[in-house]
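Q: Take a look at work.cif, mmCIF, C-alpha atoms:
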data_target
loop_
_atom_site.label_atom_id
_atom_site.label_comp_id
_atom_site.auth_asym_id
_atom_site.auth_seq_id
_atom_site.Cartn_x
_atom_site.Cartn_y
_atom_site.Cartn_z
CA MET A 1 -32.14 -13.00 2.05
CA THR A 2 -30.86 -14.71 -1.11
CA ASP A 3 -32.88 -14.98 -4.34
CA PRO A 4 -33.75 -18.69 -3.82
CA GLU A 5 -34.91 -17.91 -0.27
CA ILE A 6 -37.09 -15.07 -1.55
CA ILE A 7 -38.57 -17.33 -4.25
CA HIS A 8 -39.25 -20.00 -1.64
CA SER A 9 -41.02 -17.48 0.59
CA VAL A 10 -43.08 -16.17 -2.36
CA LEU A 11 -44.15 -19.70 -3.26
CA LYS A 12 -45.06 -20.31 0.40
CA GLY A 13 -47.47 -17.39 0.21
CA LYS A 14 -45.47 -14.26 1.02
CA LYS A 15 -46.27 -12.78 -2.36
CA ASP A 16 -45.13 -9.28 -1.43
CA ASN A 17 -41.55 -10.56 -1.29
CA PHE A 18 -41.59 -10.72 -5.09
CA ARG A 19 -41.13 -6.95 -4.92
CA ILE A 20 -37.58 -7.54 -3.62
CA LEU A 21 -36.77 -9.46 -6.81
CA VAL A 22 -38.38 -6.77 -8.96
CA ASP A 23 -36.40 -4.03 -7.21
CA GLU A 24 -33.17 -5.95 -7.59
CA HIS A 25 -33.45 -7.00 -11.22
CA HIS A 26 -35.75 -4.58 -13.05
CA ALA A 27 -32.96 -2.23 -14.18
CA SER A 28 -30.99 -5.05 -15.75
CA VAL A 29 -34.07 -6.37 -17.60
CA PHE A 30 -34.88 -2.82 -18.70
CA HIS A 31 -31.40 -2.37 -20.21
CA ILE A 32 -31.70 -5.58 -22.20
CA ALA A 33 -35.09 -4.44 -23.47
CA MET A 34 -33.60 -1.04 -24.39
CA GLY A 35 -30.98 -2.84 -26.46
CA PHE A 36 -33.71 -4.48 -28.47
CA VAL A 37 -36.30 -1.70 -28.80
CA HIS A 38 -34.34 1.55 -28.20
CA ASP A 39 -37.42 3.18 -26.74
CA ARG A 40 -37.96 3.86 -23.04
CA ASP A 41 -41.74 3.31 -22.91
CA GLU A 42 -41.56 0.13 -24.94
CA ALA A 43 -38.66 -1.14 -22.84
CA GLU A 44 -40.69 -0.50 -19.68
CA ASP A 45 -43.65 -2.42 -21.12
CA LEU A 46 -41.36 -5.31 -21.97
CA THR A 47 -39.83 -5.22 -18.48
CA GLN A 48 -43.33 -5.43 -17.02
CA GLU A 49 -44.17 -8.35 -19.32
CA VAL A 50 -40.98 -10.18 -18.31
CA PHE A 51 -41.76 -9.93 -14.58
CA ILE A 52 -45.35 -11.02 -15.11
CA ARG A 53 -44.12 -14.08 -17.00
CA ALA A 54 -41.60 -14.77 -14.25
CA TRP A 55 -44.34 -14.45 -11.64
CA GLN A 56 -46.62 -16.82 -13.53
CA SER A 57 -43.96 -19.49 -13.90
CA LEU A 58 -42.09 -18.98 -10.63
CA ASP A 59 -43.08 -22.47 -9.49
CA LYS A 60 -41.25 -23.84 -12.54
CA PHE A 61 -37.96 -22.23 -11.47
CA ARG A 62 -35.87 -25.23 -10.45
CA GLY A 63 -32.80 -23.36 -9.28
CA ASP A 64 -30.46 -25.06 -11.77
CA SER A 65 -29.21 -21.59 -12.70
CA SER A 66 -29.37 -18.33 -10.80
CA PHE A 67 -32.61 -16.37 -10.76
CA SER A 68 -31.02 -13.55 -12.77
CA THR A 69 -29.94 -15.99 -15.52
CA TRP A 70 -33.45 -17.44 -15.63
CA LEU A 71 -34.94 -13.95 -15.72
CA HIS A 72 -32.54 -12.84 -18.47
CA ARG A 73 -33.60 -15.83 -20.55
CA ILE A 74 -37.24 -14.79 -20.18
CA ALA A 75 -36.25 -11.23 -21.10
CA VAL A 76 -34.36 -12.28 -24.23
CA ASN A 77 -37.25 -14.49 -25.36
CA ALA A 78 -39.79 -11.74 -24.74
CA CYS A 79 -37.69 -9.20 -26.66
CA LEU A 80 -37.10 -11.54 -29.59
CA ASN A 81 -40.80 -12.42 -29.76
CA ASN A 82 -41.63 -8.72 -29.69
CA ALA A 83 -39.18 -8.08 -32.55
CA ARG A 84 -40.64 -10.96 -34.57
CA LYS A 85 -44.18 -9.65 -34.03
CA LYS A 86 -43.11 -6.19 -35.18
CA ARG A 87 -41.43 -7.59 -38.24
CA GLY A 88 -44.67 -9.38 -39.07
CA SER A 89 -45.07 -12.52 -41.06
CA PRO A 90 -41.95 -13.50 -43.04
CA VAL A 91 -44.07 -13.98 -46.17
CA ILE A 92 -45.48 -10.46 -45.94
CA SER A 93 -42.07 -8.93 -45.26
CA ARG A 94 -40.61 -10.81 -48.24
CA ILE A 95 -43.39 -9.50 -50.47
CA THR A 96 -42.83 -5.97 -49.10
CA SER A 97 -39.11 -6.24 -49.73
CA LEU A 98 -39.83 -7.03 -53.39
CA PHE A 99 -41.34 -3.59 -53.75
CA THR A 100 -38.70 -1.71 -51.76
CA SER A 101 -35.17 -1.59 -53.04
CA GLU A 102 -32.38 -1.95 -50.53
CA SER A 103 -31.06 1.54 -51.09
CA GLU A 104 -34.51 3.02 -50.61
CA ALA A 105 -34.88 1.19 -47.35
CA GLU A 106 -31.50 2.41 -46.16
CA THR A 107 -32.37 5.98 -47.12
CA GLN A 108 -35.59 5.75 -45.15
CA ALA A 109 -33.73 4.45 -42.15
CA LEU A 110 -30.92 6.95 -42.26
CA SER A 111 -31.38 10.56 -43.07
CA PHE A 112 -27.75 11.35 -43.56
CA SER A 113 -25.63 14.32 -44.45
CA ASP A 114 -22.02 13.96 -45.57
CA ASN A 115 -20.66 13.22 -42.15
CA PRO A 116 -22.44 10.34 -40.39
CA GLU A 117 -21.32 11.63 -37.03
CA GLU A 118 -23.07 14.95 -37.58
CA ILE A 119 -26.35 13.27 -38.37
CA LEU A 120 -26.24 11.07 -35.36
CA ILE A 121 -25.47 13.95 -33.08
CA LYS A 122 -28.03 16.16 -34.78
CA GLU A 123 -30.86 13.70 -34.82
CA GLU A 124 -30.07 12.23 -31.47
CA HIS A 125 -31.78 9.08 -32.57
CA SER A 126 -30.48 5.57 -32.54
CA THR A 127 -32.39 4.53 -35.65
CA TRP A 128 -29.19 3.90 -37.53
CA LEU A 129 -27.79 1.55 -34.92
CA GLN A 130 -31.19 -0.03 -34.38
CA LYS A 131 -31.58 -0.81 -38.08
CA ALA A 132 -28.10 -2.26 -38.24
CA LEU A 133 -28.71 -4.34 -35.10
CA ASP A 134 -32.01 -5.59 -36.51
CA THR A 135 -30.32 -6.89 -39.63
CA ILE A 136 -27.73 -9.07 -37.91
CA PRO A 137 -28.74 -12.65 -36.99
CA GLU A 138 -30.77 -13.07 -33.78
CA ASN A 139 -28.11 -14.96 -31.84
CA GLN A 140 -25.44 -12.37 -32.70
CA ARG A 141 -27.79 -9.56 -31.75
CA THR A 142 -28.65 -11.21 -28.45
CA ALA A 143 -24.98 -11.77 -27.59
CA ILE A 144 -23.98 -8.21 -28.41
CA ILE A 145 -26.93 -6.69 -26.52
CA LEU A 146 -26.25 -8.79 -23.42
CA SER A 147 -22.60 -7.82 -23.60
CA LYS A 148 -22.91 -4.14 -24.43
CA TYR A 149 -26.17 -3.09 -22.80
CA ASP A 150 -26.10 -5.20 -19.65
CA ASP A 151 -22.30 -5.57 -19.37
CA LEU A 152 -22.67 -9.27 -18.74
CA PRO A 153 -19.50 -11.39 -18.75
CA GLN A 154 -19.12 -14.01 -21.48
CA LYS A 155 -19.66 -16.80 -18.97
CA GLU A 156 -23.07 -15.42 -17.99
CA ILE A 157 -24.03 -14.84 -21.64
CA ALA A 158 -23.04 -18.44 -22.36
CA THR A 159 -25.34 -19.71 -19.59
CA ILE A 160 -28.23 -17.54 -20.75
CA MET A 161 -27.84 -18.58 -24.38
CA ASN A 162 -27.07 -22.19 -23.57
CA LEU A 163 -23.73 -22.04 -25.37
CA THR A 164 -20.11 -22.59 -24.47
CA GLU A 165 -17.96 -19.60 -23.56
CA GLY A 166 -15.89 -20.16 -26.69
CA ALA A 167 -18.99 -20.11 -28.85
CA VAL A 168 -20.08 -16.83 -27.26
CA GLU A 169 -16.67 -15.30 -27.88
CA ALA A 170 -16.82 -16.30 -31.54
CA LEU A 171 -20.40 -15.06 -31.76
CA LEU A 172 -19.44 -11.69 -30.31
CA GLN A 173 -16.52 -11.33 -32.72
CA ARG A 174 -18.79 -12.10 -35.66
CA ALA A 175 -21.49 -9.80 -34.32
CA LYS A 176 -19.10 -6.85 -33.94
CA LYS A 177 -17.66 -7.38 -37.41
CA ASN A 178 -21.09 -7.80 -38.94
CA LEU A 179 -22.47 -4.75 -37.18
CA ARG A 180 -19.52 -2.63 -38.25
CA GLU A 181 -19.99 -3.71 -41.85
CA LYS A 182 -23.71 -2.97 -41.77
CA LEU A 183 -23.13 0.47 -40.26
CA SER A 184 -20.39 1.23 -42.75
CA THR A 185 -22.38 0.01 -45.77
CA GLY A 186 -25.35 2.08 -44.64
CA ALA A 187 -23.21 5.19 -44.32
CA LYS A 188 -21.65 4.69 -47.76
CA LYS A 189 -24.99 4.15 -49.46
CA ILE A 190 -26.45 7.26 -47.92
CA LYS A 191 -23.45 9.29 -48.99
CA LEU A 192 -23.78 8.01 -52.56
CA ASN A 193 -27.51 8.74 -52.60
CA ARG A 194 -26.92 12.26 -51.46
CA ARG A 195 -24.28 12.88 -54.09
CA LYS A 196 -26.62 11.73 -56.92
CA MET B 197 1.86 -7.82 -36.32
CA PHE B 198 1.66 -4.57 -38.16
CA GLN B 199 4.11 -3.73 -40.87
CA ARG B 200 4.74 -0.14 -41.73
CA ARG B 201 3.53 0.20 -45.25
CA LYS B 202 1.45 2.63 -47.21
CA SER B 203 -2.30 2.11 -47.13
CA ASN B 204 -3.11 -0.99 -49.07
CA LYS B 205 -5.67 -3.77 -48.91
CA MET B 206 -3.67 -5.84 -46.49
CA ASP B 207 -3.25 -2.99 -44.11
CA CYS B 208 -6.96 -2.24 -44.26
CA HIS B 209 -7.74 -5.86 -43.59
CA ILE B 210 -5.44 -6.01 -40.56
CA CYS B 211 -6.69 -2.65 -39.38
CA ARG B 212 -10.27 -3.89 -39.39
CA GLU B 213 -9.26 -7.04 -37.55
CA LYS B 214 -7.50 -5.00 -34.86
CA ILE B 215 -10.12 -2.29 -34.45
CA ASP B 216 -11.72 -3.85 -31.33
CA ASP B 217 -8.38 -4.47 -29.65
CA TYR B 218 -7.33 -0.91 -30.42
CA ARG B 219 -10.48 0.51 -28.94
CA ALA B 220 -10.16 -1.73 -25.90
CA GLY B 221 -6.58 -0.52 -25.43
CA LYS B 222 -5.27 -4.06 -25.85
CA LEU B 223 -2.82 -3.34 -28.68
CA PRO B 224 0.90 -3.24 -27.92
CA ASN B 225 2.49 0.17 -28.47
CA ASP B 226 4.04 -0.68 -31.86
CA ASP B 227 0.76 -2.02 -33.22
CA LYS B 228 -1.09 0.93 -31.76
CA LEU B 229 1.19 3.39 -33.56
CA SER B 230 0.90 1.50 -36.83
CA PHE B 231 -2.86 1.36 -36.44
CA GLU B 232 -3.09 5.09 -35.86
CA GLU B 233 -0.72 5.82 -38.71
CA HIS B 234 -2.77 3.72 -41.10
CA SER B 235 -6.09 5.11 -39.89
CA LEU B 236 -4.91 8.66 -40.48
CA THR B 237 -3.92 7.92 -44.07
CA CYS B 238 -6.80 5.60 -44.99
CA PRO B 239 -10.20 7.36 -45.14
CA ASP B 240 -12.13 4.07 -45.19
CA CYS B 241 -10.53 2.75 -42.03
CA LEU B 242 -10.79 6.12 -40.34
CA GLU B 243 -14.48 6.23 -41.09
CA LEU B 244 -14.93 2.71 -39.81
CA LEU B 245 -13.23 3.69 -36.58
CA ARG B 246 -15.46 6.74 -36.25
CA ILE B 247 -18.56 4.67 -36.98
CA GLN B 248 -17.57 2.21 -34.28
CA GLU B 249 -17.02 5.04 -31.84
CA MET B 250 -20.40 6.51 -32.72
CA ALA B 251 -22.18 3.21 -32.22
CA ASP B 252 -20.57 2.85 -28.82
CA ARG B 253 -21.53 6.40 -27.95
CA ILE B 254 -25.16 5.68 -28.83
CA ILE B 255 -25.09 2.54 -26.69
CA ALA B 256 -23.54 4.47 -23.80
CA LYS B 257 -26.22 7.11 -24.17
CA GLU B 258 -29.00 4.52 -24.17
CA LYS B 259 -27.47 2.82 -21.14
CA LYS B 260 -27.81 6.05 -19.22
CA ILE B 261 -31.58 5.95 -19.67
CA VAL B 262 -33.10 4.63 -16.47
CA PRO B 263 -36.56 3.17 -16.04
CA ASP B 264 -39.29 5.13 -14.36
CA PHE B 265 -38.94 5.25 -10.56
CA TYR B 266 -42.44 3.83 -10.19
CA LEU B 267 -41.90 0.89 -12.59
CA PRO B 268 -41.44 -1.73 -9.81
CA GLY B 269 -44.63 -0.44 -8.19
CA ARG B 270 -46.50 -0.66 -11.47
CA ILE B 271 -45.25 -4.21 -12.01
CA MET B 272 -46.42 -5.28 -8.55
CA GLN B 273 -49.78 -3.60 -9.10
CA LYS B 274 -50.22 -5.44 -12.39
CA ILE B 275 -49.38 -8.73 -10.69
CA GLY B 276 -51.86 -7.91 -7.92
CA ASN B 277 -54.55 -7.21 -10.50
CA LEU B 278 -53.81 -10.53 -12.22
CA GLU B 279 -54.43 -12.29 -8.92
CA LYS B 280 -57.77 -10.53 -8.48
CA GLU B 281 -58.95 -10.89 -12.07
CA PRO B 282 -61.30 -13.82 -12.65
CA ALA B 283 -59.92 -16.48 -14.91
CA PRO B 284 -60.68 -16.00 -18.58
CA VAL B 285 -63.99 -17.36 -19.94
CA PHE B 286 -62.23 -20.34 -21.50
CA THR B 287 -60.67 -21.42 -18.20
CA ARG B 288 -63.72 -20.58 -16.11
CA ILE B 289 -66.62 -21.96 -18.16
CA LEU B 290 -65.61 -23.49 -21.46
CA ARG B 291 -62.88 -25.80 -20.20
CA PRO B 292 -65.03 -27.58 -17.56
CA ALA B 293 -67.93 -27.69 -20.02
CA LEU B 294 -65.75 -29.23 -22.72
CA ALA B 295 -64.37 -31.75 -20.22
CA THR B 296 -67.90 -32.78 -19.19
CA ILE B 297 -69.05 -33.09 -22.79
CA ALA B 298 -66.00 -35.16 -23.69
CA PHE B 299 -66.62 -37.44 -20.69
CA ALA B 300 -70.29 -37.91 -21.58
CA ALA B 301 -69.41 -38.56 -25.22
CA ALA B 302 -66.89 -41.20 -24.18
CA ILE B 303 -69.51 -42.99 -22.06
CA MET B 304 -72.05 -42.80 -24.89
CA ALA B 305 -69.55 -44.15 -27.35
CA GLY B 306 -68.76 -47.00 -24.97
CA VAL B 307 -72.45 -47.86 -24.59
CA MET B 308 -73.04 -47.73 -28.34
CA ILE B 309 -70.05 -49.89 -29.12
CA GLY B 310 -71.21 -52.39 -26.53
CA ASP B 311 -74.71 -52.34 -28.00
CA PHE B 312 -73.48 -52.96 -31.53
CA SER B 313 -71.35 -55.87 -30.46
CA ALA B 314 -74.29 -57.40 -28.53
CA GLY B 315 -76.48 -57.09 -31.62
CA THR B 316 -74.01 -59.00 -33.71
CA THR B 317 -73.35 -61.90 -31.31
CA ASP B 318 -76.70 -62.48 -29.53
CA LYS B 319 -79.15 -63.76 -32.12
CA GLY B 320 -82.02 -64.06 -29.57
CA ALA B 321 -85.62 -65.28 -30.09
CA PRO B 322 -87.86 -64.14 -32.95
CA ILE B 323 -90.09 -61.15 -32.16
CA GLU B 324 -93.32 -63.25 -32.35
CA LEU B 325 -92.14 -65.45 -29.52
CA THR B 326 -91.23 -62.59 -27.25
CA LEU B 327 -94.78 -61.18 -27.62
CA MET B 328 -96.48 -64.43 -26.65
CA ASN B 329 -98.10 -64.65 -23.21
CA ASP B 330 -96.92 -67.97 -21.87
CA ALA B 331 -99.22 -67.79 -18.84
CA ASP B 332 -102.34 -67.83 -21.04
CA MET B 333 -101.21 -70.88 -22.93
CA GLU B 334 -100.53 -73.13 -19.98
CA MET B 335 -103.08 -73.82 -17.22
CA ILE B 336 -101.77 -74.27 -13.73
CA ASN B 337 -104.01 -77.27 -13.01
CA ASP B 338 -102.47 -79.13 -15.94
CA LEU B 339 -99.31 -79.17 -13.93
CA THR B 340 -100.96 -80.15 -10.65
CA GLU B 341 -102.88 -83.05 -12.22
CA GLU B 342 -99.73 -84.81 -13.37
#
Mind turning the file's structure into structure tokens?
A:
Amino acid sequence: MTDPEIIHSVLKGKKDNFRILVDEHHASVFHIAMGFVHDRDEAEDLTQEVFIRAWQSLDKFRGDSSFSTWLHRIAVNACLNNARKKRGSPVISRITSLFTSESEAETQALSFSDNPEEILIKEEHSTWLQKALDTIPENQRTAIILSKYDDLPQKEIATIMNLTEGAVEALLQRAKKNLREKLSTGAKKIKLNRRK
Amino acid sequence: MFQRRKSNKMDCHICREKIDDYRAGKLPNDDKLSFEEHSLTCPDCLELLRIQEMADRIIAKEKKIVPDFYLPGRIMQKIGNLEKEPAPVFTRILRPALATIAFAAAIMAGVMIGDFSAGTTDKGAPIELTLMNDADMEMINDLTEE
């Protein structure tokens, strides 16, 4: 049974068939959510939310794209909304940032020793990467998460993000460069702070 | 293409540009050797390479995390509960009530507007005349005698 056939049967009343779609796609949605939140429980909650949204708007699925693309779009939107909610109102975060210097914020995010590798291995946390990912623009973050966490090809990412393949390639290049710079700057600042 | 030189800004710049290709194994042998040579002599580029490797390791580690085995079951249960749950108060009571009130208000407004317009165009008879009993004033035999 193909995805459109399953959807058709669900809409005709065989609601239990939705389970087939959940079984098939939940891991992929979960990995995208992990890329955004880096926490298993939270990623599971987001996965649940994504499937509930899909269920509620299944009758709006027109079949222009594949079900997985449609589902991935819902997942990306849910994850971005979740991140925006966490970040809070832009006004409040701007006011907060006035009282927190950049270096202080970096130090809070990264508890570093001289060798960044050691810390990452020791702490076994992805806070460092998460903070760096959170600071790059949303579209770059989305592209890199879809590419790295869900191993999606550029063509699929382009369909999900409503962009051309070329635009996605450029976006990924910029995202990688940006991320590398953020990670590197963070590491340098922490090293300097520790030397002081 | 790489040029064999001592670490300098240009080399660092090229090195950073080529870091993804190097890691993906896409660099030709000559470039690969130059890249490695530069990375070994330039602490900044070496650190950048290590940072990139670390980030990828974290991603790989996170990718290994799998969702709970019962997650699909939980999702289906939640969906089942949604189906059973009564609609929220707004949908169940307030929305029909608001629709009814709006409908009634529209009718009332229509009646009032109609009434106002009638008041302005129909001048009608004076109130004294409307209160008069015409039957008392005119005898029926007056009409029959004629």
Q: The PyMOL selection byres ((chain A) within 8 of (chain B)) - which residues does that actually catch in the file I just gave you? List them as number ranges by chain.
A: A: 19, 22-23, 26-27, 30-31, 34-35, 38, 40, 44, 48, 51-52, 55, 116-117, 120, 126, 129, 148-149, 180, 183-184
Q: What is the CA of Thr159 in chain A-CA of Asp41 in chain A distance in Å, reported with one decimal?
A: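 Straight-line distance from CA of Thr159 in chain A to CA of Asp41 in chain A works out to 28.5 Å.
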Q: Record the distance separating CA of Leu236 in chain B and CA of Tyr218 in chain B, expressed in Å with one decimal.
A: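 Separation between CA of Leu236 in chain B and CA of Tyr218 in chain B: 14.1 Å.
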Q: Can you tell me how far CA of Thr185 in chain A sits from CA of Leu242 in chain B, in Å to one decimal?
A: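 A separation of 14.2 Å between them.
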Q: Rank A:Leu133, A:Leu179, A:Ile160, A:Ala83 by their smallest atom-to-atom distance to Ser65 in chain A, using all atoms listed in the file, and report the top residue only.
A: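 Among the listed residues, the smallest separation from Ser65 in chain A belongs to A:Ile160.
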Q: Do you know which residues the PyMOL selection byres ((chain A and resi 75) around 12) returns on this file, as a CSV table (one decimal) with C-alpha atoms, in the frame of the given file?
A:
chain,number,residue,atom,x,y,z
A,25,HIS,CA,-33.4,-7.0,-11.2
A,26,HIS,CA,-35.8,-4.6,-13.0
A,27,ALA,CA,-33.0,-2.2,-14.2
A,28,SER,CA,-31.0,-5.0,-15.8
A,29,VAL,CA,-34.1,-6.4,-17.6
A,30,PHE,CA,-34.9,-2.8,-18.7
A,31,HIS,CA,-31.4,-2.4,-20.2
A,32,ILE,CA,-31.7,-5.6,-22.2
A,33,ALA,CA,-35.1,-4.4,-23.5
A,34,MET,CA,-33.6,-1.0,-24.4
A,35,GLY,CA,-31.0,-2.8,-26.5
A,36,PHE,CA,-33.7,-4.5,-28.5
A,43,ALA,CA,-38.7,-1.1,-22.8
A,44,GLU,CA,-40.7,-0.5,-19.7
A,45,ASP,CA,-43.6,-2.4,-21.1
A,46,LEU,CA,-41.4,-5.3,-22.0
A,47,THR,CA,-39.8,-5.2,-18.5
A,48,GLN,CA,-43.3,-5.4,-17.0
A,49,GLU,CA,-44.2,-8.4,-19.3
A,50,VAL,CA,-41.0,-10.2,-18.3
A,51,PHE,CA,-41.8,-9.9,-14.6
A,52,ILE,CA,-45.4,-11.0,-15.1
A,53,ARG,CA,-44.1,-14.1,-17.0
A,54,ALA,CA,-41.6,-14.8,-14.2
A,68,SER,CA,-31.0,-13.6,-12.8
A,69,THR,CA,-29.9,-16.0,-15.5
A,70,TRP,CA,-33.4,-17.4,-15.6
A,71,LEU,CA,-34.9,-14.0,-15.7
A,72,HIS,CA,-32.5,-12.8,-18.5
A,73,ARG,CA,-33.6,-15.8,-20.6
A,74,ILE,CA,-37.2,-14.8,-20.2
A,76,VAL,CA,-34.4,-12.3,-24.2
A,77,ASN,CA,-37.2,-14.5,-25.4
A,78,ALA,CA,-39.8,-11.7,-24.7
A,79,CYS,CA,-37.7,-9.2,-26.7
A,80,LEU,CA,-37.1,-11.5,-29.6
A,81,ASN,CA,-40.8,-12.4,-29.8
A,82,ASN,CA,-41.6,-8.7,-29.7
A,142,THR,CA,-28.6,-11.2,-28.4
A,145,ILE,CA,-26.9,-6.7,-26.5
A,146,LEU,CA,-26.2,-8.8,-23.4
A,150,ASP,CA,-26.1,-5.2,-19.6
A,160,ILE,CA,-28.2,-17.5,-20.8
A,161,MET,CA,-27.8,-18.6,-24.4
Q: Taking the point (-33.3, -11.9, -2.4) as given in the file, collect each protein or nucleic acid residue that comes within 12 Å of it, counting only C-alpha atoms, and present the set as a list of chain:residue names.
A: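 Counting only C-alpha atoms, I find these residues within 12 Å of (-33.3, -11.9, -2.4): A:Met1, A:Thr2, A:Asp3, A:Pro4, A:Glu5, A:Ile6, A:Ile7, A:His8, A:Ser9, A:Val10, A:Asn17, A:Phe18, A:Arg19, A:Ile20, A:Leu21, A:Val22, A:Asp23, A:Glu24, A:His25, A:Ser66, A:Phe67, A:Ser68.
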Q: Could you give me the axis-aligned bounding box of range 231-245 of chain B, with 4 Å of padding per side, as centre plus edge lengths in Å to one decimal, as AutoDock Vina command-line options?
A:
--center_x -7.8 --center_y 5.0 --center_z -40.5 --size_x 22.2 --size_y 15.3 --size_z 17.3
Q: Please fill the gaps in range 152-163 of chain A so it has N, CA and C atoms, and write that as a PDB file, in the coordinates of the input.
A:
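Output below, filename selection.pdb:
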ATOM      1  N   LEU A 152     -22.783  -7.926 -19.309  1.00  0.00           N
ATOM      2  CA  LEU A 152     -22.670  -9.270 -18.740  1.00  0.00           C
ATOM      3  C   LEU A 152     -21.371  -9.929 -19.198  1.00  0.00           C
ATOM      4  N   PRO A 153     -20.713 -10.681 -18.318  1.00  0.00           N
ATOM      5  CA  PRO A 153     -19.500 -11.390 -18.750  1.00  0.00           C
ATOM      6  C   PRO A 153     -19.868 -12.540 -19.702  1.00  0.00           C
ATOM      7  N   GLN A 154     -18.866 -12.960 -20.480  1.00  0.00           N
ATOM      8  CA  GLN A 154     -19.120 -14.010 -21.480  1.00  0.00           C
ATOM      9  C   GLN A 154     -19.675 -15.284 -20.856  1.00  0.00           C
ATOM     10  N   LYS A 155     -19.211 -15.581 -19.638  1.00  0.00           N
ATOM     11  CA  LYS A 155     -19.660 -16.800 -18.970  1.00  0.00           C
ATOM     12  C   LYS A 155     -21.179 -16.762 -18.726  1.00  0.00           C
ATOM     13  N   GLU A 156     -21.637 -15.607 -18.278  1.00  0.00           N
ATOM     14  CA  GLU A 156     -23.070 -15.420 -17.990  1.00  0.00           C
ATOM     15  C   GLU A 156     -23.879 -15.476 -19.297  1.00  0.00           C
ATOM     16  N   ILE A 157     -23.339 -14.825 -20.333  1.00  0.00           N
ATOM     17  CA  ILE A 157     -24.030 -14.840 -21.640  1.00  0.00           C
ATOM     18  C   ILE A 157     -24.139 -16.284 -22.131  1.00  0.00           C
ATOM     19  N   ALA A 158     -23.049 -17.034 -21.929  1.00  0.00           N
ATOM     20  CA  ALA A 158     -23.040 -18.440 -22.360  1.00  0.00           C
ATOM     21  C   ALA A 158     -24.128 -19.232 -21.653  1.00  0.00           C
ATOM     22  N   THR A 159     -24.305 -18.990 -20.344  1.00  0.00           N
ATOM     23  CA  THR A 159     -25.340 -19.710 -19.590  1.00  0.00           C
ATOM     24  C   THR A 159     -26.729 -19.306 -20.084  1.00  0.00           C
ATOM     25  N   ILE A 160     -26.914 -18.012 -20.298  1.00  0.00           N
ATOM     26  CA  ILE A 160     -28.230 -17.540 -20.750  1.00  0.00           C
ATOM     27  C   ILE A 160     -28.574 -18.124 -22.116  1.00  0.00           C
ATOM     28  N   MET A 161     -27.575 -18.136 -23.007  1.00  0.00           N
ATOM     29  CA  MET A 161     -27.840 -18.580 -24.380  1.00  0.00           C
ATOM     30  C   MET A 161     -27.619 -20.075 -24.575  1.00  0.00           C
ATOM     31  N   ASN A 162     -27.287 -20.751 -23.493  1.00  0.00           N
ATOM     32  CA  ASN A 162     -27.070 -22.190 -23.570  1.00  0.00           C
ATOM     33  C   ASN A 162     -25.955 -22.559 -24.551  1.00  0.00           C
ATOM     34  N   LEU A 163     -24.865 -21.821 -24.476  1.00  0.00           N
ATOM     35  CA  LEU A 163     -23.730 -22.040 -25.370  1.00  0.00           C
ATOM     36  C   LEU A 163     -22.460 -22.191 -24.527  1.00  0.00           C
TER      37      LEU A 163
END
